[in-house]
Every structure is written in structure tokens, then in C-alpha cells.
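Asks: Have a peek at upload27.cif (mmCIF, C-alpha atoms).
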```
data_final
#
loop_
_atom_site.label_atom_id
_atom_site.label_comp_id
_atom_site.auth_asym_id
_atom_site.auth_seq_id
_atom_site.Cartn_x
_atom_site.Cartn_y
_atom_site.Cartn_z
CA MET A 271 -74.94 65.08 -101.34
CA SER A 272 -77.57 63.46 -99.11
CA LYS A 273 -75.32 63.91 -96.08
CA GLU A 274 -74.90 67.59 -96.89
CA LYS A 275 -78.69 68.03 -97.09
CA ASP A 276 -79.15 66.22 -93.79
CA LEU A 277 -76.49 68.44 -92.18
CA ALA A 278 -78.10 71.58 -93.55
CA LYS A 279 -81.46 70.40 -92.24
CA LEU A 280 -80.00 69.76 -88.79
CA VAL A 281 -78.38 73.22 -88.76
CA ALA A 282 -81.66 74.87 -89.82
CA GLU A 283 -83.57 73.01 -87.11
CA ALA A 284 -80.96 73.99 -84.50
CA GLU A 285 -81.14 77.64 -85.59
CA SER A 286 -84.92 77.49 -85.47
CA ASP A 287 -84.83 76.04 -81.95
CA THR A 288 -82.35 78.75 -80.91
CA VAL A 289 -84.59 81.50 -82.29
CA LYS A 290 -87.60 80.01 -80.52
CA ALA A 291 -85.64 79.82 -77.26
CA LEU A 292 -84.50 83.42 -77.63
CA GLN A 293 -88.05 84.55 -78.39
CA GLU A 294 -89.32 82.70 -75.31
CA ASP A 295 -86.58 84.27 -73.17
CA ASN A 296 -87.50 87.67 -74.54
CA ARG A 297 -91.19 87.17 -73.70
CA ARG A 298 -90.25 85.98 -70.21
CA LEU A 299 -88.00 88.98 -69.59
CA LEU A 300 -90.69 91.38 -70.82
CA LYS A 301 -93.18 89.83 -68.41
CA GLN A 302 -90.66 90.11 -65.56
CA ASN A 303 -90.02 93.75 -66.48
CA GLU A 304 -93.74 94.55 -66.42
CA LYS A 305 -94.07 92.75 -63.10
CA LEU A 306 -91.11 94.74 -61.74
CA LYS A 307 -92.74 98.01 -62.81
CA MET A 308 -95.95 97.02 -61.07
CA THR A 309 -94.01 96.06 -57.97
CA ARG A 310 -92.21 99.41 -57.87
CA GLU A 311 -95.44 101.40 -58.13
CA GLU A 312 -97.19 99.18 -55.60
CA TYR A 313 -94.20 99.48 -53.27
CA CYS A 314 -94.30 103.29 -53.45
CA ASN A 315 -98.05 103.33 -52.79
CA ILE A 316 -97.76 100.94 -49.84
CA LEU A 317 -94.79 102.84 -48.38
CA GLU A 318 -96.64 106.16 -48.58
CA GLU A 319 -99.76 104.70 -46.95
CA VAL A 320 -97.75 103.16 -44.09
CA VAL A 321 -95.95 106.44 -43.43
CA LEU A 322 -99.22 108.40 -43.45
CA GLN A 323 -100.81 105.94 -41.02
CA ASN A 324 -97.84 106.28 -38.67
CA ILE A 325 -97.98 110.08 -38.88
CA ARG A 326 -101.68 110.04 -38.02
CA SER A 327 -100.90 108.07 -34.86
CA LEU A 328 -98.51 110.77 -33.58
CA ASP A 329 -99.66 113.09 -30.81
CA ILE A 330 -98.96 116.48 -32.41
CA PRO A 331 -99.78 119.44 -30.13
CA PRO A 332 -101.99 122.19 -31.61
CA CYS A 333 -100.33 125.40 -32.80
CA THR A 334 -100.60 128.62 -30.82
CA VAL A 335 -103.38 130.84 -32.20
CA PRO A 336 -102.38 134.50 -32.70
CA PRO A 337 -104.66 137.31 -31.43
CA HIS A 338 -107.59 137.92 -33.79
CA SER A 339 -107.67 141.30 -35.54
CA LYS A 340 -110.88 142.86 -36.84
CA LYS A 341 -109.10 145.38 -39.04
CA ARG A 342 -109.40 144.51 -42.73
CA VAL A 343 -108.99 147.75 -44.69
CA GLY A 344 -105.83 147.59 -46.81
CA GLU A 345 -105.08 144.02 -45.74
CA GLU A 346 -101.96 142.40 -47.19
CA ILE A 347 -101.06 138.73 -47.61
CA CYS A 348 -97.57 137.60 -46.68
CA VAL A 349 -96.16 135.31 -49.41
CA PRO A 350 -93.03 133.40 -48.32
CA ILE A 351 -91.33 131.51 -51.16
CA ILE A 352 -89.42 128.41 -50.06
CA SER A 353 -87.50 126.13 -52.39
CA ASP A 354 -84.22 124.35 -53.04
CA ILE A 355 -83.45 123.43 -49.46
CA GLN A 356 -81.74 120.35 -50.95
CA LEU A 357 -82.21 118.61 -47.61
CA ALA A 358 -79.28 116.24 -46.86
CA LYS A 359 -76.92 117.93 -49.35
CA ARG A 360 -73.43 117.88 -47.85
CA THR A 361 -70.74 120.38 -48.78
CA ALA A 362 -67.94 122.16 -46.94
CA THR A 363 -70.45 124.65 -45.51
CA TYR A 364 -73.81 122.86 -45.71
CA ASP A 365 -75.55 119.80 -44.28
CA THR A 366 -78.88 118.78 -42.71
CA ASP A 367 -78.20 120.66 -39.46
CA THR A 368 -77.33 123.85 -41.34
CA ALA A 369 -80.43 123.51 -43.51
CA GLU A 370 -82.63 123.14 -40.42
CA LYS A 371 -81.14 126.24 -38.76
CA ARG A 372 -81.59 128.32 -41.91
CA VAL A 373 -85.19 127.23 -42.47
CA ASP A 374 -85.93 128.08 -38.84
CA GLU A 375 -84.23 131.46 -39.22
CA TYR A 376 -86.27 132.08 -42.37
CA ALA A 377 -89.49 131.54 -40.40
CA ASN A 378 -88.28 134.03 -37.76
CA LYS A 379 -87.48 136.66 -40.39
CA ILE A 380 -90.85 136.19 -42.11
CA ILE A 381 -92.53 136.92 -38.78
CA LYS A 382 -90.38 140.06 -38.29
CA LEU A 383 -91.33 141.32 -41.75
CA ALA A 384 -95.04 140.74 -41.10
CA ARG A 385 -94.79 142.65 -37.81
CA LEU A 386 -92.97 145.48 -39.59
CA HIS A 387 -95.88 145.82 -42.02
CA ARG A 388 -98.43 145.68 -39.19
CA ALA A 389 -96.53 148.41 -37.36
CA SER A 390 -97.30 150.73 -40.29
CA GLY A 391 -101.02 150.12 -39.80
CA THR A 392 -101.42 147.42 -42.47
CA PRO A 393 -103.24 144.27 -41.31
CA VAL A 394 -101.46 141.04 -42.27
CA LYS A 395 -103.58 138.07 -41.22
CA LYS A 396 -102.77 135.45 -43.82
CA ALA A 397 -99.64 133.76 -45.16
CA ALA A 398 -99.58 131.97 -48.51
CA VAL A 399 -96.47 129.78 -48.67
CA LEU A 400 -95.26 128.96 -52.18
CA ALA A 401 -93.16 125.77 -51.87
CA LEU A 402 -91.44 125.31 -55.22
CA GLY A 403 -89.71 121.94 -54.99
CA ASP A 404 -86.29 120.43 -54.31
CA ILE A 405 -87.09 120.52 -50.62
CA VAL A 406 -85.27 117.16 -50.60
CA GLU A 407 -81.90 116.46 -52.21
CA GLY A 408 -82.74 112.93 -53.33
CA GLU A 409 -80.35 109.99 -53.48
CA LEU A 410 -79.79 108.83 -57.08
CA ILE A 411 -80.41 111.96 -59.13
CA PHE A 412 -76.92 112.04 -60.66
CA PRO A 413 -73.90 109.68 -60.63
CA GLY A 414 -71.95 109.82 -57.38
CA GLN A 415 -74.63 111.68 -55.45
CA GLN A 416 -74.46 109.11 -52.65
CA HIS A 417 -71.07 110.61 -51.72
CA GLU A 418 -72.56 114.11 -51.36
CA ILE A 419 -75.41 113.53 -48.90
CA ASP A 420 -75.55 113.02 -45.13
CA ALA A 421 -78.94 111.30 -44.93
CA SER A 422 -80.87 108.71 -46.94
CA LEU A 423 -83.95 109.54 -48.96
CA TYR A 424 -85.93 107.72 -46.27
CA ARG A 425 -84.74 110.20 -43.62
CA GLN A 426 -85.21 113.18 -45.94
CA VAL A 427 -88.85 112.33 -46.61
CA THR A 428 -90.07 110.71 -43.39
CA VAL A 429 -87.82 111.99 -40.57
CA ASP A 430 -85.86 115.21 -41.16
CA GLY A 431 -88.13 116.77 -43.78
CA PRO A 432 -91.35 116.46 -41.74
CA ARG A 433 -89.61 117.74 -38.59
CA ILE A 434 -88.04 120.78 -40.28
CA MET A 435 -91.03 121.77 -42.38
CA HIS A 436 -93.56 121.10 -39.58
CA ASN A 437 -91.59 123.47 -37.34
CA PHE A 438 -91.46 126.08 -40.13
CA LEU A 439 -95.21 125.99 -40.77
CA SER A 440 -96.05 125.81 -37.05
CA LYS A 441 -94.15 129.05 -36.47
CA LEU A 442 -96.14 130.72 -39.23
CA LEU A 443 -99.40 129.43 -37.72
CA SER A 444 -98.43 131.05 -34.42
CA GLU A 445 -98.17 134.43 -36.21
CA PHE A 446 -100.86 134.32 -38.92
CA GLU A 447 -104.56 133.54 -38.51
CA THR A 448 -104.53 131.30 -41.60
CA VAL A 449 -101.81 129.70 -43.71
CA ASP A 450 -102.22 128.33 -47.24
CA VAL A 451 -99.48 126.10 -48.67
CA TYR A 452 -99.10 125.70 -52.42
CA TRP A 453 -96.75 122.75 -52.96
CA VAL A 454 -95.15 121.72 -56.28
CA ILE A 455 -92.49 119.12 -57.02
CA GLY A 456 -88.83 119.48 -58.00
CA ASN A 457 -86.54 117.32 -60.11
CA HIS A 458 -84.61 116.15 -57.03
CA GLY A 459 -87.80 114.47 -55.83
CA SER A 460 -87.61 111.99 -58.71
CA LEU A 461 -87.06 108.38 -57.64
CA GLY A 462 -84.94 105.60 -59.03
CA GLY A 463 -81.97 107.43 -60.53
CA ARG A 464 -81.59 106.78 -64.25
CA ALA A 465 -84.49 104.29 -64.16
CA ARG A 466 -86.98 106.83 -62.78
CA ARG A 467 -88.95 106.70 -66.02
CA ASP A 468 -90.24 103.33 -64.87
CA TYR A 469 -92.13 105.00 -62.02
CA SER A 470 -95.53 106.62 -62.29
CA PRO A 471 -95.22 110.30 -63.32
CA GLU A 472 -96.99 111.12 -60.06
CA THR A 473 -94.32 109.46 -57.92
CA ASN A 474 -92.06 112.14 -56.44
CA ALA A 475 -90.38 112.45 -53.03
CA ASP A 476 -91.24 116.17 -52.77
CA ARG A 477 -94.91 115.26 -53.27
CA MET A 478 -94.65 112.50 -50.64
CA LEU A 479 -93.19 114.99 -48.14
CA GLY A 480 -95.98 117.43 -48.89
CA LYS A 481 -98.65 114.78 -48.29
CA ILE A 482 -96.97 113.75 -45.02
CA LEU A 483 -97.07 117.38 -43.84
CA GLU A 484 -100.71 117.69 -44.86
CA THR A 485 -101.47 114.63 -42.74
CA MET A 486 -99.48 116.01 -39.78
CA PHE A 487 -101.66 119.15 -39.86
CA GLU A 488 -104.86 117.20 -40.46
CA LYS A 489 -106.44 118.42 -37.20
CA GLU A 490 -105.31 122.04 -37.66
CA LYS A 491 -108.16 123.81 -39.46
CA ARG A 492 -106.24 127.08 -40.00
CA ILE A 493 -103.88 125.59 -42.59
CA ASN A 494 -104.75 124.41 -46.08
CA PHE A 495 -102.57 122.49 -48.57
CA VAL A 496 -102.77 122.59 -52.36
CA ILE A 497 -100.70 119.71 -53.77
CA PRO A 498 -101.26 118.91 -57.48
CA GLU A 499 -101.76 115.17 -58.01
CA GLY A 500 -102.70 112.84 -60.86
CA GLY A 501 -101.75 109.30 -61.75
CA THR A 502 -101.12 109.81 -65.47
CA ALA A 503 -99.37 113.19 -65.42
CA LYS A 504 -96.43 114.83 -63.68
CA ASN A 505 -98.59 117.79 -62.56
CA TRP A 506 -95.62 120.12 -62.39
CA TYR A 507 -97.35 123.41 -61.54
CA THR A 508 -100.19 125.08 -59.69
CA VAL A 509 -101.65 128.60 -59.71
CA ALA A 510 -101.92 130.29 -56.31
CA ASP A 511 -104.97 132.52 -56.72
CA LEU A 512 -104.55 135.23 -54.08
CA GLY A 513 -106.81 137.78 -55.76
CA GLU A 514 -107.69 139.47 -59.03
CA LYS A 515 -104.23 141.03 -59.41
CA ALA A 516 -102.28 138.32 -57.59
CA LYS A 517 -102.39 134.97 -59.38
CA PHE A 518 -99.01 133.23 -59.08
CA LEU A 519 -97.90 130.50 -61.49
CA CYS A 520 -95.83 128.21 -59.24
CA PHE A 521 -93.40 125.73 -60.81
CA HIS A 522 -89.95 124.40 -59.98
CA GLY A 523 -87.97 125.59 -63.00
CA ASP A 524 -86.14 122.50 -64.26
CA ASN A 525 -88.23 122.70 -67.44
CA ILE A 526 -86.57 126.01 -68.38
CA ARG A 527 -83.74 125.28 -70.78
CA GLY A 528 -80.92 127.51 -71.91
CA SER A 529 -77.20 128.21 -71.87
CA MET A 530 -74.89 127.99 -68.86
CA GLY A 531 -76.06 130.10 -65.96
CA LEU A 532 -79.51 131.67 -65.77
CA PRO A 533 -81.48 130.92 -68.98
CA PHE A 534 -83.02 134.38 -69.53
CA TYR A 535 -84.22 133.52 -73.04
CA GLY A 536 -85.74 130.27 -71.72
CA TYR A 537 -87.76 132.15 -69.10
CA ASN A 538 -89.02 134.60 -71.70
CA LYS A 539 -90.04 131.87 -74.15
CA LYS A 540 -91.79 129.60 -71.64
CA ILE A 541 -93.53 132.22 -69.47
CA LEU A 542 -94.93 134.13 -72.44
CA GLY A 543 -95.89 130.83 -74.07
CA TRP A 544 -97.79 129.71 -70.97
CA LYS A 545 -99.43 133.15 -70.77
CA ALA A 546 -100.63 132.71 -74.36
CA LEU A 547 -102.04 129.28 -73.47
CA ALA A 548 -103.82 130.85 -70.49
CA SER A 549 -105.31 133.55 -72.73
CA ALA A 550 -106.60 130.78 -74.99
CA GLY A 551 -108.21 129.02 -72.04
CA LEU A 552 -105.83 126.04 -72.22
CA MET A 553 -104.42 126.51 -68.71
CA GLU A 554 -105.17 128.65 -65.66
CA ASP A 555 -104.49 132.36 -66.03
CA PHE A 556 -101.80 134.08 -63.95
CA THR A 557 -100.44 137.57 -63.31
CA HIS A 558 -97.09 136.64 -61.75
CA ALA A 559 -94.73 133.64 -61.87
CA VAL A 560 -92.34 132.13 -59.32
CA CYS A 561 -89.83 129.30 -59.61
CA GLY A 562 -86.57 128.00 -58.18
CA HIS A 563 -84.05 125.42 -59.43
CA TYR A 564 -81.16 127.70 -60.43
CA HIS A 565 -80.31 128.83 -56.86
CA THR A 566 -79.62 132.37 -58.03
CA PRO A 567 -82.27 134.88 -56.88
CA THR A 568 -83.43 137.01 -59.78
CA SER A 569 -86.44 139.10 -60.73
CA LEU A 570 -87.51 139.69 -64.35
CA TYR A 571 -90.21 141.63 -66.16
CA LEU A 572 -91.54 139.62 -69.09
CA ASN A 573 -94.02 141.93 -70.81
CA ASP A 574 -96.91 142.14 -68.32
CA VAL A 575 -95.73 139.20 -66.20
CA ARG A 576 -93.33 139.57 -63.28
CA LEU A 577 -91.14 136.54 -62.53
CA TRP A 578 -89.19 135.78 -59.36
CA VAL A 579 -86.49 133.08 -59.45
CA ASN A 580 -85.91 132.00 -55.85
CA GLY A 581 -82.59 131.36 -54.14
CA SER A 582 -81.53 128.37 -52.05
CA THR A 583 -80.66 127.82 -48.41
CA GLU A 584 -77.49 126.09 -49.67
CA SER A 585 -74.29 128.10 -49.32
CA HIS A 586 -71.69 126.28 -51.46
CA ASN A 587 -72.09 124.22 -54.61
CA ALA A 588 -68.91 122.81 -56.15
CA TYR A 589 -70.67 121.90 -59.42
CA ALA A 590 -72.03 125.44 -59.89
CA GLN A 591 -68.64 126.87 -59.03
CA GLU A 592 -66.75 124.71 -61.53
CA GLN A 593 -69.23 124.29 -64.38
CA LEU A 594 -71.29 127.50 -64.23
CA ALA A 595 -68.88 129.86 -62.47
CA ALA A 596 -71.92 131.15 -60.59
CA MET A 597 -73.23 130.65 -57.06
CA GLY A 598 -75.88 132.52 -55.09
CA ARG A 599 -75.77 133.40 -51.40
CA PRO A 600 -78.22 131.48 -49.17
CA SER A 601 -81.48 133.38 -49.44
CA GLN A 602 -85.23 133.15 -50.06
CA TYR A 603 -87.78 135.66 -51.36
CA THR A 604 -90.74 136.91 -49.32
CA LEU A 605 -93.43 139.01 -51.01
CA PHE A 606 -96.40 140.98 -49.72
CA VAL A 607 -99.47 141.36 -51.91
CA LYS A 608 -102.84 143.08 -51.93
CA PRO A 609 -105.43 140.98 -53.76
CA ASP A 610 -106.73 143.95 -55.80
CA LYS A 611 -103.37 145.61 -56.45
CA GLY A 612 -100.76 142.84 -56.75
CA VAL A 613 -97.30 142.80 -55.18
CA THR A 614 -96.75 145.73 -52.80
CA ALA A 615 -93.34 144.78 -51.37
CA GLU A 616 -90.58 142.24 -51.96
CA TYR A 617 -87.72 141.14 -49.75
CA LEU A 618 -84.72 138.96 -50.53
CA VAL A 619 -84.18 137.42 -47.09
CA SER A 620 -80.54 136.64 -46.38
CA LEU A 621 -79.92 133.38 -44.52
CA GLU A 622 -76.13 133.50 -44.47
#
```
Transcribe the structure of this file into C-alpha cells.
Replies:
Amino acid sequence: MSKEKDLAKLVAEAESDTVKALQEDNRRLLKQNEKLKMTREEYCNILEEVVLQNIRSLDIPPCTVPPHSKKRVGEEICVPIISDIQLAKRTATYDTDTAEKRVDEYANKIIKLARLHRASGTPVKKAAVLALGDIVEGELIFPGQQHEIDASLYRQVTVDGPRIMHNFLSKLLSEFETVDVYWVIGNHGSLGGRARRDYSPETNADRMLGKILETMFEKEKRINFVIPEGGTAKNWYTVADLGEKAKFLCFHGDNIRGSMGLPFYGYNKKILGWKALASAGLMEDFTHAVCGHYHTPTSLYLNDVRLWVNGSTESHNAYAQEQLAAMGRPSQYTLFVKPDKGVTAEYLVSLE
């Protein structure tokens, strides 16, 4: 009996030591995990700062200034909407080179539309670019994505993206006296694949690209960037205030949920809900709304709010073809507005 008690005591002590060892291992792993999170955030901050310093050291020539016009009566603002370039996405008909050509062609067509309006006697001096996210494709957004891109996230954010978007905005600066850029993030800008929740909510590759562009144009006083930031929040939207009757709620659109295809009910529920919050003073008020994400250009009337869902420069999407049985042609919206009247004209610009 004594031997059995001694054996039981030894087993209990061994189990106790095992539990203590497991608890210690657990504490150690938790500390390592917290340290890893800190390292990831610090790495992102350091990387962004290094890139910005390198951009500042570049010799970027000033943009051509268009002739100044004194005419102001009936002035319109050109509002190009650009989103879902999915830079580096590779399909049978799309890649980085194709994306660059289509973004460049979009700039050319925006200029032609502005000149068309001026030819009718309407002054158009200002462009307000609404950049709605997914400018980059990302790298680990979904399983197997690495087989569907032709450039790393590094090149998307620091090489190809700055070159393509700098050229786009420079062309607009050569045509318009001033350019405002309202820049929001998309879901493809998220970092870290399935572990992206470990990053700061502020960390997003679209936002990084926007800040790089802002730095590239640091010496150009005719362009202004609005890029929502904040360390403890995602900051998913901004309101482009272009006048009393032209306040645009700008967001990407991945927060609109619904059935396969365009979620019409989701748009109705969210837009009218946000409008109610604005009426209660809980967010900025808006008269119009614009988003992207679904790659299918659409315009909706939601009570007193007009919504535009932007297209994409992408031409073929195997997932959308198979799972949604829906694909849009490569296109982007361009609007013209009068601050005291609202939208006066809208164009769906084909980039095919």
C-alpha cells in the first residue's frame, strides 16, 4: 500500500511538473508572439520611412502648367474615378504593361472630355480625382494568388505603382490648374495574407502607395492629397467636399455584403444607413457616393443619394467568370460637377 502511495505521489509530481512546463512554454510563446507583432509593425513603419526618404531624393521635374483662365462663371470640376487597377494581376489578357497602357489612356481621355466641355464655353480648371482602392493587386490576399501576379508587392508599391500613378497625375496637372486627390484603401492593400489581423489597422499597401505619391509631388503646390490615416482605425472612407451639392462619400466597397454578383440590397442598406448617421451628426454628410470593388460599372438611385460603382481596368477575371458568371469590360467613370448644382455629366470611359 505504501508503494502505491509513493507511486501515486511521483505521478502527481510528474504531472505537476509537466503542467508547469507547459504553462511556462505557453507564456514564452505568448511573449514571442507579442514581440513578433511589434516587429511586424516596426518593420512596416521603417520600410515606409526608407521608401519615402528615397523618393524625396529623386530629381522629379516639375509638371507643365496649363494656360491660366480668368473665366469662372458656370465653372465645372472634372471628377475622374480611378479604382481596381489590380496592378500586377496576370490573366490571359491583362498584366502590368496592359494596366499601365490603360491608365495612361484613361488620362488622355479625361483630358479630351475636359476640352470638350471647355469647347462649349464651360470653364474646367480643377480636377478632383477619387481613388477608391485596389490600385495594387497584393500578394497574399487569397490562396494561390502568387501564381496569378507578374510582380511582387514590393514592385507594386515602390516601383510600378509610383511610376504609373505619377504619370497619370502629371498628365492631369498639365491640363488642369489644380488637382485634388482623395485616396482611400482597398482590401487588396491588406498585408500578411491570412495573418493580416496581426498588423495595425492602418497598415495597407494602397495607403503606402498614396503616401509615396504625395511625397513625389511634395514640391508641386498645385496638387493636394487627402489620405485618411489613424493608428487605431482602418479609416476606410473619406468625403470629397466639392461644394454644397457635391459631397462624395468615397469608399472601396468590400464592406458591402450580399448575394452573388452586385449586392443591390447591400448598397441600399449601407448607403441609407450611413446617410442616417450623417443626419444624426455621427459622420460627415454627403450627397453622392462612389465605390469600386465589384468591377462592374453601375449607377443607382438610393432615395436622394446617387451611387456610382466603378469599373476596373482589368479585362478578364477567371474567378468572376466561373463563380459569379459576370464580368465587366475595362472602364472607369468620369463625372463633371458644379458645386452648387451637383453632377452635370457622367461618362463611362471605355479602356478596351
Asks: Please measure the separation of atom CA of Arg492 of chain A and atom CA of Asp476 of chain A, giving the value in Å to one decimal.
Replies: 22.5 Å
Asks: Taking only C-alpha atoms into account, which of A:Lys515, A:Lys489, A:Lys359, A:Lys545 comes nearest Gly612 of chain A?
Replies: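 Residue with the minimum atom-to-atom distance to Gly612 of chain A: A:Lys515.
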Asks: How would you write, as a ChimeraX atom specification, the residues chosen by the PyMOL selection byres ((chain A and resi 569) around 9) on this structure?
Replies: /A:567-568,570-571,576-580
Asks: What does the distance between atom CA of Asp555 of chain A and atom CA of Ala510 of chain A come to in Å, to one decimal place?
Replies: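 Between atom CA of Asp555 of chain A and atom CA of Ala510 of chain A the gap is 10.3 Å.
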Asks: Check the smallest atom-to-atom distance from each of A:Ile352, A:Leu547, A:Val607, A:Val335 to Glu447 of chain A using all atoms listed in the file, then report the winner.
Replies: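 Among the listed residues, the smallest separation from Glu447 of chain A belongs to A:Val335.
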Asks: Each residue of segment 450-486 of chain A lying at most 10 Å from segment 398-413 of chain A should get a row with its shortest atom-to-atom pair and the distance in Å to one decimal, counting all atoms listed in the file; could you produce that, ordered by chain and increasing number, as JSON lines?
Replies:
```
{"residue": "A:Asp450", "atom": "CA", "partner": "A:Ala398", "partner_atom": "CA", "distance": 4.7}
{"residue": "A:Val451", "atom": "CA", "partner": "A:Val399", "partner_atom": "CA", "distance": 4.8}
{"residue": "A:Tyr452", "atom": "CA", "partner": "A:Leu400", "partner_atom": "CA", "distance": 5.0}
{"residue": "A:Trp453", "atom": "CA", "partner": "A:Ala401", "partner_atom": "CA", "distance": 4.8}
{"residue": "A:Val454", "atom": "CA", "partner": "A:Leu402", "partner_atom": "CA", "distance": 5.3}
{"residue": "A:Ile455", "atom": "CA", "partner": "A:Gly403", "partner_atom": "CA", "distance": 4.4}
{"residue": "A:Gly456", "atom": "CA", "partner": "A:Gly403", "partner_atom": "CA", "distance": 4.0}
{"residue": "A:Asn457", "atom": "CA", "partner": "A:Asp404", "partner_atom": "CA", "distance": 6.6}
{"residue": "A:His458", "atom": "CA", "partner": "A:Gly408", "partner_atom": "CA", "distance": 5.2}
{"residue": "A:Gly459", "atom": "CA", "partner": "A:Gly408", "partner_atom": "CA", "distance": 5.9}
{"residue": "A:Ser460", "atom": "CA", "partner": "A:Ile411", "partner_atom": "CA", "distance": 7.2}
{"residue": "A:Leu461", "atom": "CA", "partner": "A:Leu410", "partner_atom": "CA", "distance": 7.3}
{"residue": "A:Gly462", "atom": "CA", "partner": "A:Leu410", "partner_atom": "CA", "distance": 6.4}
{"residue": "A:Gly463", "atom": "CA", "partner": "A:Leu410", "partner_atom": "CA", "distance": 4.3}
{"residue": "A:Arg464", "atom": "CA", "partner": "A:Ile411", "partner_atom": "CA", "distance": 7.4}
{"residue": "A:Ala465", "atom": "CA", "partner": "A:Leu410", "partner_atom": "CA", "distance": 9.6}
{"residue": "A:Arg466", "atom": "CA", "partner": "A:Ile411", "partner_atom": "CA", "distance": 9.1}
{"residue": "A:Asn474", "atom": "CA", "partner": "A:Gly408", "partner_atom": "CA", "distance": 9.9}
{"residue": "A:Ala475", "atom": "CA", "partner": "A:Val406", "partner_atom": "CA", "distance": 7.4}
{"residue": "A:Asp476", "atom": "CA", "partner": "A:Gly403", "partner_atom": "CA", "distance": 6.4}
{"residue": "A:Arg477", "atom": "CA", "partner": "A:Gly403", "partner_atom": "CA", "distance": 8.6}
{"residue": "A:Leu479", "atom": "CA", "partner": "A:Val406", "partner_atom": "CA", "distance": 8.6}
{"residue": "A:Gly480", "atom": "CA", "partner": "A:Ala401", "partner_atom": "CA", "distance": 9.3}
```
Asks: For the provided coordinates, the residues matched by the PyMOL selection byres ((chain A and resi 558) around 8) should be stated as a list of chain:residue names.
Replies: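 On the file shown, the PyMOL selection byres ((chain A and resi 558) around 8) covers A:Ala516, A:Lys517, A:Phe518, A:Leu519, A:Phe556, A:Thr557, A:Ala559, A:Val560, A:Val575, A:Arg576, A:Leu577.
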Asks: Export segment 397-431 of chain A from the structure block above, keeping C-alpha atoms, as a PDB file, in the first residue's frame.
Replies:
```
ATOM      1  CA  ALA A 397      -9.798  68.014 -61.334  1.00  0.00           C
ATOM      2  CA  ALA A 398     -10.791  66.089 -58.218  1.00  0.00           C
ATOM      3  CA  VAL A 399      -9.520  62.512 -58.529  1.00  0.00           C
ATOM      4  CA  LEU A 400     -11.410  59.948 -56.449  1.00  0.00           C
ATOM      5  CA  ALA A 401      -9.025  56.987 -55.987  1.00  0.00           C
ATOM      6  CA  LEU A 402     -11.103  54.187 -54.474  1.00  0.00           C
ATOM      7  CA  GLY A 403      -8.612  51.436 -53.661  1.00  0.00           C
ATOM      8  CA  ASP A 404      -7.290  48.171 -55.059  1.00  0.00           C
ATOM      9  CA  ILE A 405      -4.777  50.148 -57.069  1.00  0.00           C
ATOM     10  CA  VAL A 406      -2.449  47.256 -56.176  1.00  0.00           C
ATOM     11  CA  GLU A 407      -3.278  43.565 -56.516  1.00  0.00           C
ATOM     12  CA  GLY A 408      -1.416  42.461 -53.390  1.00  0.00           C
ATOM     13  CA  GLU A 409       0.451  39.202 -52.919  1.00  0.00           C
ATOM     14  CA  LEU A 410      -1.207  37.015 -50.256  1.00  0.00           C
ATOM     15  CA  ILE A 411      -4.841  38.100 -50.347  1.00  0.00           C
ATOM     16  CA  PHE A 412      -6.183  34.653 -51.244  1.00  0.00           C
ATOM     17  CA  PRO A 413      -4.649  31.146 -51.540  1.00  0.00           C
ATOM     18  CA  GLY A 414      -2.670  30.665 -54.735  1.00  0.00           C
ATOM     19  CA  GLN A 415      -2.520  34.352 -55.602  1.00  0.00           C
ATOM     20  CA  GLN A 416       1.255  34.141 -56.067  1.00  0.00           C
ATOM     21  CA  HIS A 417       0.566  32.191 -59.282  1.00  0.00           C
ATOM     22  CA  GLU A 418      -1.630  34.989 -60.673  1.00  0.00           C
ATOM     23  CA  ILE A 419       0.670  38.023 -60.437  1.00  0.00           C
ATOM     24  CA  ASP A 420       3.624  39.231 -62.505  1.00  0.00           C
ATOM     25  CA  ALA A 421       5.248  41.473 -59.887  1.00  0.00           C
ATOM     26  CA  SER A 422       5.895  41.367 -56.149  1.00  0.00           C
ATOM     27  CA  LEU A 423       4.116  43.624 -53.682  1.00  0.00           C
ATOM     28  CA  TYR A 424       7.417  45.491 -53.368  1.00  0.00           C
ATOM     29  CA  ARG A 425       7.346  46.390 -57.072  1.00  0.00           C
ATOM     30  CA  GLN A 426       3.627  47.199 -56.994  1.00  0.00           C
ATOM     31  CA  VAL A 427       4.037  49.709 -54.165  1.00  0.00           C
ATOM     32  CA  THR A 428       7.501  51.194 -54.704  1.00  0.00           C
ATOM     33  CA  VAL A 429       8.340  50.777 -58.414  1.00  0.00           C
ATOM     34  CA  ASP A 430       5.466  50.209 -60.853  1.00  0.00           C
ATOM     35  CA  GLY A 431       2.690  51.866 -58.838  1.00  0.00           C
TER      36      GLY A 431
END
```
